[in-house]
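So this one's upload.tsv, TSV, C-alpha atoms:
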```tsv
chain	number	residue	atom	x	y	z
A	19	GLU	CA	32.37	92.16	27.88
A	20	LEU	CA	36.05	92.02	26.96
A	21	ASP	CA	38.84	92.57	29.48
A	22	LEU	CA	40.94	95.22	27.74
A	23	ALA	CA	42.63	96.81	30.76
A	24	ALA	CA	46.00	95.21	29.96
A	25	LEU	CA	46.03	96.96	26.58
A	26	LYS	CA	46.22	100.41	28.27
A	27	LEU	CA	43.71	102.07	25.95
A	28	ASP	CA	41.71	105.22	26.48
A	29	SER	CA	37.92	104.91	26.77
A	30	SER	CA	37.30	105.81	23.13
A	31	GLN	CA	39.75	103.21	21.89
A	32	GLU	CA	38.25	100.57	24.17
A	33	GLN	CA	34.80	101.30	22.80
A	34	GLN	CA	36.04	101.04	19.21
A	35	LEU	CA	37.77	97.71	19.80
A	36	GLN	CA	34.75	96.37	21.70
A	37	ALA	CA	32.47	97.38	18.80
A	38	LEU	CA	34.75	95.78	16.21
A	39	TYR	CA	34.86	92.56	18.21
A	40	GLU	CA	31.08	92.36	18.59
A	41	ALA	CA	30.57	93.08	14.88
A	42	ALA	CA	33.10	90.42	13.88
A	43	ILE	CA	31.45	87.78	16.07
A	44	GLU	CA	27.99	88.71	14.83
A	45	SER	CA	29.07	88.54	11.18
A	46	GLY	CA	30.56	85.07	11.60
A	47	GLU	CA	33.63	86.21	9.67
A	48	THR	CA	36.04	85.43	12.47
A	49	ASP	CA	39.19	84.08	10.78
A	50	VAL	CA	41.85	86.60	9.71
A	51	ALA	CA	44.12	85.45	6.88
A	52	ILE	CA	47.49	87.23	6.88
A	53	TYR	CA	49.89	87.23	3.93
A	54	ALA	CA	53.45	88.09	4.99
A	55	GLY	CA	57.00	87.11	4.15
A	56	HIS	CA	57.56	85.65	7.62
A	57	HIS	CA	55.51	84.88	10.70
A	58	ASP	CA	57.82	83.25	13.26
A	59	GLU	CA	58.35	86.37	15.37
A	60	PHE	CA	54.66	87.26	15.18
A	61	LYS	CA	53.40	84.02	16.74
A	62	GLY	CA	53.32	85.47	20.26
A	63	ILE	CA	51.20	88.37	19.01
A	64	TYR	CA	48.84	86.05	17.15
A	65	GLU	CA	48.34	83.85	20.21
A	66	ALA	CA	47.80	86.82	22.51
A	67	PHE	CA	45.24	88.28	20.10
A	68	GLU	CA	43.28	85.02	19.96
A	69	GLY	CA	43.34	84.83	23.76
A	70	ARG	CA	42.25	88.45	24.20
A	71	PHE	CA	39.41	88.15	21.67
A	72	PRO	CA	37.76	84.70	22.09
A	73	GLY	CA	36.26	83.27	18.94
A	74	LEU	CA	38.64	85.03	16.57
A	75	THR	CA	41.46	83.15	14.87
A	76	ILE	CA	44.43	83.98	12.68
A	77	THR	CA	45.63	82.02	9.66
A	78	PRO	CA	49.17	83.00	8.63
A	79	GLU	CA	50.23	82.38	5.03
A	80	THR	CA	53.74	83.01	3.70
A	81	TYR	CA	53.99	84.78	0.34
A	82	VAL	CA	56.71	87.12	-0.96
A	83	GLY	CA	57.78	88.75	-4.21
A	84	ALA	CA	56.49	87.27	-7.44
A	85	GLU	CA	54.55	84.56	-5.60
A	86	LEU	CA	52.64	87.17	-3.58
A	87	GLN	CA	51.96	89.23	-6.69
A	88	THR	CA	50.59	86.19	-8.53
A	89	LYS	CA	48.44	85.16	-5.56
A	90	LEU	CA	46.87	88.61	-5.19
A	91	GLU	CA	46.18	88.96	-8.90
A	92	ALA	CA	44.57	85.50	-9.03
A	93	GLU	CA	42.25	86.32	-6.12
A	94	ARG	CA	41.21	89.60	-7.70
A	95	GLN	CA	40.53	88.04	-11.10
A	96	SER	CA	38.55	85.12	-9.68
A	97	GLY	CA	36.67	87.18	-7.10
A	98	ASN	CA	37.57	84.51	-4.53
A	99	ASN	CA	39.23	86.79	-1.99
A	100	VAL	CA	41.06	85.07	0.84
A	101	VAL	CA	43.54	87.56	2.30
A	102	ASP	CA	42.43	90.00	5.01
A	103	VAL	CA	45.71	91.59	6.08
A	104	LEU	CA	48.94	92.25	4.20
A	105	SER	CA	52.30	92.73	5.91
A	106	ASN	CA	55.13	93.81	3.64
A	107	PRO	CA	58.06	96.26	3.75
A	108	ASN	CA	57.04	97.35	0.23
A	109	ALA	CA	53.38	97.88	1.11
A	110	ASP	CA	53.09	100.99	-1.06
A	111	ARG	CA	53.70	98.86	-4.14
A	112	TYR	CA	50.68	96.69	-3.44
A	113	ALA	CA	48.52	99.61	-2.35
A	114	ASP	CA	49.26	101.37	-5.65
A	115	GLN	CA	47.93	98.32	-7.48
A	116	GLY	CA	44.64	98.39	-5.59
A	117	PHE	CA	45.27	95.42	-3.31
A	118	ALA	CA	44.59	97.42	-0.12
A	119	GLU	CA	41.87	99.53	1.46
A	120	LYS	CA	42.38	102.66	3.51
A	121	TYR	CA	42.15	102.01	7.24
A	122	LYS	CA	43.79	103.90	10.09
A	123	PRO	CA	44.02	101.68	13.20
A	124	ALA	CA	42.12	103.08	16.16
A	125	THR	CA	45.25	102.91	18.32
A	126	PHE	CA	47.79	104.39	15.90
A	127	ALA	CA	49.65	107.60	16.73
A	128	MET	CA	52.69	109.08	15.03
A	129	PRO	CA	55.53	109.05	17.60
A	130	GLU	CA	56.76	112.48	18.66
A	131	TRP	CA	60.41	111.52	18.23
A	132	ALA	CA	60.08	110.52	14.56
A	133	GLU	CA	60.11	113.98	12.96
A	134	GLY	CA	63.53	114.57	11.42
A	135	ARG	CA	64.80	111.15	12.51
A	136	LEU	CA	63.42	109.00	9.73
A	137	SER	CA	61.13	109.17	6.73
A	138	LEU	CA	57.61	109.46	8.13
A	139	ASP	CA	56.16	107.56	5.18
A	140	GLN	CA	57.90	104.49	6.58
A	141	ILE	CA	55.47	104.66	9.50
A	142	GLU	CA	52.30	106.06	7.93
A	143	GLY	CA	51.35	105.74	4.29
A	144	PRO	CA	50.77	109.21	2.79
A	145	ASP	CA	47.46	108.00	1.31
A	146	GLY	CA	46.34	106.16	4.46
A	147	PHE	CA	46.71	102.61	3.18
A	148	TYR	CA	49.45	101.26	5.47
A	149	TYR	CA	50.83	101.82	8.97
A	150	ALA	CA	53.86	100.35	10.73
A	151	PRO	CA	53.51	99.04	14.31
A	152	TRP	CA	57.19	98.08	14.57
A	153	ALA	CA	60.49	97.93	12.72
A	154	LEU	CA	63.15	95.34	12.04
A	155	MET	CA	66.64	96.54	12.90
A	156	PHE	CA	69.64	95.75	10.73
A	157	ALA	CA	72.83	95.73	12.74
A	158	SER	CA	75.82	93.38	12.92
A	159	SER	CA	76.66	90.09	14.56
A	160	TYR	CA	79.93	88.70	15.78
A	161	ASN	CA	81.39	85.53	17.24
A	162	THR	CA	81.94	86.16	20.96
A	163	GLU	CA	84.75	83.57	21.11
A	164	GLN	CA	86.75	85.44	18.48
A	165	LEU	CA	86.00	89.08	19.24
A	166	GLN	CA	85.74	91.10	22.44
A	167	ASN	CA	83.99	94.46	22.78
A	168	SER	CA	87.31	96.26	22.34
A	169	ASP	CA	87.84	94.50	18.99
A	170	LEU	CA	84.56	95.64	17.44
A	171	PRO	CA	84.29	98.30	14.74
A	172	GLY	CA	82.95	101.67	15.83
A	173	SER	CA	81.14	102.49	12.61
A	174	TRP	CA	80.33	101.28	9.12
A	175	ALA	CA	83.43	103.10	7.87
A	176	ASP	CA	85.73	100.94	10.01
A	177	LEU	CA	84.74	97.81	8.07
A	178	ALA	CA	86.66	99.05	5.03
A	179	ASP	CA	89.94	98.76	6.96
A	180	GLU	CA	92.33	96.03	5.79
A	181	LYS	CA	92.39	94.51	9.28
A	182	TRP	CA	88.95	93.02	8.52
A	183	ALA	CA	90.19	91.21	5.41
A	184	GLY	CA	89.00	87.60	5.52
A	185	LYS	CA	86.98	88.15	8.69
A	186	LEU	CA	83.68	89.35	7.20
A	187	THR	CA	80.79	87.52	5.58
A	188	PHE	CA	77.34	88.64	4.43
A	189	MET	CA	74.57	87.89	1.97
A	190	ASP	CA	74.97	88.70	-1.71
A	191	PRO	CA	73.65	92.28	-2.01
A	192	SER	CA	72.52	91.72	-5.62
A	193	ILE	CA	69.74	89.46	-4.28
A	194	PRO	CA	66.62	91.30	-2.98
A	195	GLY	CA	66.63	91.21	0.80
A	196	GLY	CA	67.92	92.90	3.91
A	197	THR	CA	71.51	93.27	2.73
A	198	MET	CA	70.47	95.03	-0.46
A	199	THR	CA	68.09	97.24	1.53
A	200	VAL	CA	70.70	98.32	4.07
A	201	LEU	CA	73.50	98.93	1.59
A	202	THR	CA	71.16	100.97	-0.63
A	203	THR	CA	69.93	102.97	2.36
A	204	LEU	CA	73.45	103.70	3.61
A	205	LEU	CA	74.61	104.69	0.13
A	206	GLN	CA	71.67	107.00	-0.56
A	207	ALA	CA	72.00	108.57	2.90
A	208	GLY	CA	75.64	109.40	2.23
A	209	ILE	CA	76.88	107.26	5.13
A	210	VAL	CA	79.07	105.20	2.75
A	211	ASP	CA	80.21	105.56	-0.86
A	212	GLU	CA	81.07	103.29	-3.78
A	213	ALA	CA	84.72	103.07	-2.68
A	214	TRP	CA	83.58	101.76	0.71
A	215	HIS	CA	81.46	99.11	-1.02
A	216	GLN	CA	84.46	97.91	-2.99
A	217	LYS	CA	86.73	97.73	0.06
A	218	VAL	CA	84.20	95.94	2.25
A	219	GLY	CA	83.45	93.53	-0.58
A	220	ALA	CA	87.15	92.74	-0.86
A	221	ASN	CA	87.30	92.05	2.88
A	222	ALA	CA	84.36	89.65	2.87
A	223	LYS	CA	83.11	86.30	1.68
A	224	VAL	CA	79.75	86.89	0.01
A	225	VAL	CA	77.23	84.04	0.35
A	226	ALA	CA	73.82	83.32	-1.14
A	227	GLN	CA	71.71	83.66	2.01
A	228	ASP	CA	71.74	85.66	5.21
A	229	GLN	CA	71.32	82.45	7.21
A	230	LEU	CA	74.47	80.96	5.67
A	231	ALA	CA	76.45	83.99	6.77
A	232	LEU	CA	75.08	83.71	10.30
A	233	GLN	CA	75.95	80.01	10.39
A	234	SER	CA	79.52	80.89	9.45
A	235	ILE	CA	79.66	83.36	12.33
A	236	SER	CA	78.15	80.82	14.74
A	237	SER	CA	80.68	78.15	13.74
A	238	GLY	CA	83.63	80.52	14.02
A	239	GLU	CA	84.55	80.33	10.33
A	240	PHE	CA	84.20	84.11	10.21
A	241	ALA	CA	84.32	86.65	13.02
A	242	TYR	CA	81.90	89.38	11.96
A	243	GLN	CA	78.72	89.75	9.90
A	244	PRO	CA	77.61	93.28	9.06
A	245	LEU	CA	74.19	93.90	7.55
A	246	SER	CA	72.40	91.20	9.55
A	247	ALA	CA	68.89	91.29	11.00
A	248	SER	CA	68.99	91.58	14.79
A	249	ILE	CA	66.15	89.10	15.20
A	250	SER	CA	68.07	86.40	13.30
A	251	VAL	CA	71.05	86.89	15.61
A	252	LEU	CA	68.76	86.67	18.63
A	253	ASN	CA	67.33	83.36	17.43
A	254	ALA	CA	70.82	81.93	16.95
A	255	LYS	CA	71.86	83.16	20.39
A	256	GLN	CA	68.83	81.49	21.97
A	257	ASP	CA	69.98	78.25	20.32
A	258	ASP	CA	73.26	78.63	22.29
A	259	ALA	CA	75.36	79.87	19.36
A	260	PRO	CA	78.31	82.07	20.51
A	261	VAL	CA	77.00	85.18	18.78
A	262	GLU	CA	75.96	88.66	19.85
A	263	VAL	CA	74.37	91.72	18.25
A	264	GLN	CA	76.23	94.99	17.81
A	265	PHE	CA	74.39	98.29	17.32
A	266	PHE	CA	76.47	101.26	16.28
A	267	ASP	CA	76.11	104.55	18.18
A	268	LYS	CA	74.52	106.07	15.06
A	269	ASP	CA	73.54	105.29	11.46
A	270	ASN	CA	71.71	102.06	12.18
A	271	ALA	CA	69.23	101.07	9.47
A	272	ILE	CA	65.67	99.84	9.95
A	273	ALA	CA	62.98	98.33	7.78
A	274	ALA	CA	59.48	99.24	8.89
A	275	GLU	CA	57.01	96.35	8.95
A	276	LYS	CA	54.04	97.91	7.15
A	277	TRP	CA	50.60	96.37	7.73
A	278	MET	CA	47.39	97.12	5.86
A	279	LEU	CA	43.85	95.99	5.29
A	280	ALA	CA	43.45	93.96	2.11
A	281	ALA	CA	40.96	95.11	-0.51
A	282	ASP	CA	37.65	93.20	-0.36
A	283	ALA	CA	38.82	91.33	2.75
A	284	PRO	CA	36.30	88.59	3.62
A	285	SER	CA	36.86	89.14	7.37
A	286	SER	CA	37.27	92.89	7.13
A	287	VAL	CA	35.97	93.79	10.61
A	288	ALA	CA	38.09	91.20	12.42
A	289	ALA	CA	41.07	92.36	10.35
A	290	LYS	CA	40.52	95.96	11.49
A	291	LEU	CA	40.49	94.75	15.09
A	292	LEU	CA	43.79	92.92	14.59
A	293	LEU	CA	45.40	95.96	12.96
A	294	SER	CA	44.32	98.11	15.92
A	295	TYR	CA	45.57	95.52	18.39
A	296	LEU	CA	49.12	95.66	16.96
A	297	TYR	CA	49.76	99.07	18.60
A	298	THR	CA	48.62	98.10	22.10
A	299	VAL	CA	50.98	97.64	25.03
A	300	GLU	CA	50.35	93.88	25.05
A	301	ALA	CA	51.37	93.58	21.39
A	302	GLN	CA	54.39	95.83	21.98
A	303	GLU	CA	55.54	93.55	24.79
A	304	LYS	CA	55.35	90.53	22.46
A	305	THR	CA	57.16	92.53	19.79
A	306	LEU	CA	60.05	93.31	22.13
A	307	ALA	CA	60.30	89.70	23.24
A	308	ALA	CA	60.56	88.58	19.62
A	309	GLY	CA	63.41	91.03	18.97
A	310	ASN	CA	61.63	93.70	16.95
A	311	PHE	CA	61.29	97.39	17.81
A	312	PRO	CA	57.86	98.94	18.47
A	313	ILE	CA	57.35	102.31	16.78
A	314	ASN	CA	55.54	103.62	19.88
A	315	GLN	CA	57.14	101.84	22.83
A	316	ASP	CA	55.18	102.37	26.04
A	317	GLU	CA	57.26	103.87	28.85
A	318	SER	CA	56.45	100.86	31.05
A	319	LEU	CA	58.22	98.48	28.67
A	320	THR	CA	61.89	97.68	28.14
A	321	SER	CA	63.56	95.16	25.87
A	322	PRO	CA	64.15	91.81	27.63
A	323	HIS	CA	67.36	91.59	25.59
A	324	GLY	CA	68.78	94.84	26.91
A	325	TRP	CA	68.41	96.59	23.57
A	326	PRO	CA	67.59	100.31	23.27
A	327	SER	CA	64.19	101.57	22.19
A	328	LEU	CA	63.74	102.57	18.57
A	329	ALA	CA	63.54	106.22	19.62
```
In structure tokens, write the structure found in this file.
Amino acid sequence: ELDLAALKLDSSQEQQLQALYEAAIESGETDVAIYAGHHDEFKGIYEAFEGRFPGLTITPETYVGAELQTKLEAERQSGNNVVDVLSNPNADRYADQGFAEKYKPATFAMPEWAEGRLSLDQIEGPDGFYYAPWALMFASSYNTEQLQNSDLPGSWADLADEKWAGKLTFMDPSIPGGTMTVLTTLLQAGIVDEAWHQKVGANAKVVAQDQLALQSISSGEFAYQPLSASISVLNAKQDDAPVEVQFFDKDNAIAAEKWMLAADAPSSVAAKLLLSYLYTVEAQEKTLAAGNFPINQDESLTSPHGWPSLA
């Protein structure tokens, strides 16, 4: 009998997770292969899952873009399916190609605050293929030795001011990634316009990678990096870099981490258990520690970094 009290589930959910666990153990298909673009901030969740469900293991594999597409097509053509779970911000693209199966996690619930605040299809796939347990926040970072709170911009619009000339750096927005995502989102939402893009571009040094921009902030070469992932800033801060995250009072951009069951998954039952585990209080706690934002944050939890809840 599993000890699921720490997950704060209702009796029906406990029974469903218990049944999935027993079926996975009985089948012998106990290893869950996950294809995602990154795994570092998920390690705490993976370890907690393996501890909570003895006998089950997780194998993380890193695939993105064209490499992921090629890998999935090769598995389908050969019939040698390896992947059980897919995690990708563009999950709908892979679902449309038949690489996923419909599965609604037993613990998923659409948060009450979401209506009118963001696009609901970022949390729940309209066809039931993907669901998002948490989101990655894109904010800004700054060098704490160069800027004080009173020096910081109050909005995206402020970054177009000439006083920021030569002080900004960020990743090339023509390269697929977070910077492109945020700038596109802000533009389509009407938060900024093309003129703003030109002015901010003139104020900044554009580099090839987000990490290079963050290194320039950490070293003091530049003072401010807009369009950066909060979790990257957190990692640099934990390595004693003089950096801090800034969230604006409004108009922050997120990228939902969409997870789904892979089509013809060899460890399908264990994969369903993992997907249901991602929404539990224990997984949310690990998510907050890693610097991500749970979609449904339990009222008993707060960010250990002093960050606000996604709501």
**OP:** List every protein, DNA or RNA residue that has an atom no more than 12 Å from (44.2, 89.0, -8.6) in the file's coordinate frame, counting all atoms listed in the file, and report them as a VMD selection string.
**Re:** chain A and resid 85 to 101 112 115 to 118 280 to 282
Original post:
Hey, which of A:Glu317, A:Gly83, A:Gly238, A:Gly55 ends up closest to Ile193 (chain A)? Count all atoms listed in the file.
Top reply: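 Of all the options, A:Gly83 lies closest to Ile193 (chain A).
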Original post:
Using all atoms listed in the file, which residue out of A:Ile76, A:Val287, A:Val210, A:Ile313 lies closest to Val299 (chain A)?
Top reply: A:Ile313
Original post:
How many Å separate CA of Ala222 (chain A) from CA of Ala178 (chain A)?
Top reply: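 Straight-line distance from CA of Ala222 (chain A) to CA of Ala178 (chain A) works out to 9.9 Å.
Candidate residues A:Leu104, A:Val200, A:Leu25, A:Leu20 were compared for distance to Ser318 (chain A), and the nearest is A:Leu25, using only C-alpha atoms.
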**OP:** Can you pull out every residue within 6 Å of Tyr149 (chain A), counting all atoms listed in the file, but drop anything in the same chain fewer than 6 positions away, and send it as a list in words?
**Re:**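 These residues fall inside the cut-off: Ile141, Glu142, Lys276 and Trp277 of chain A.
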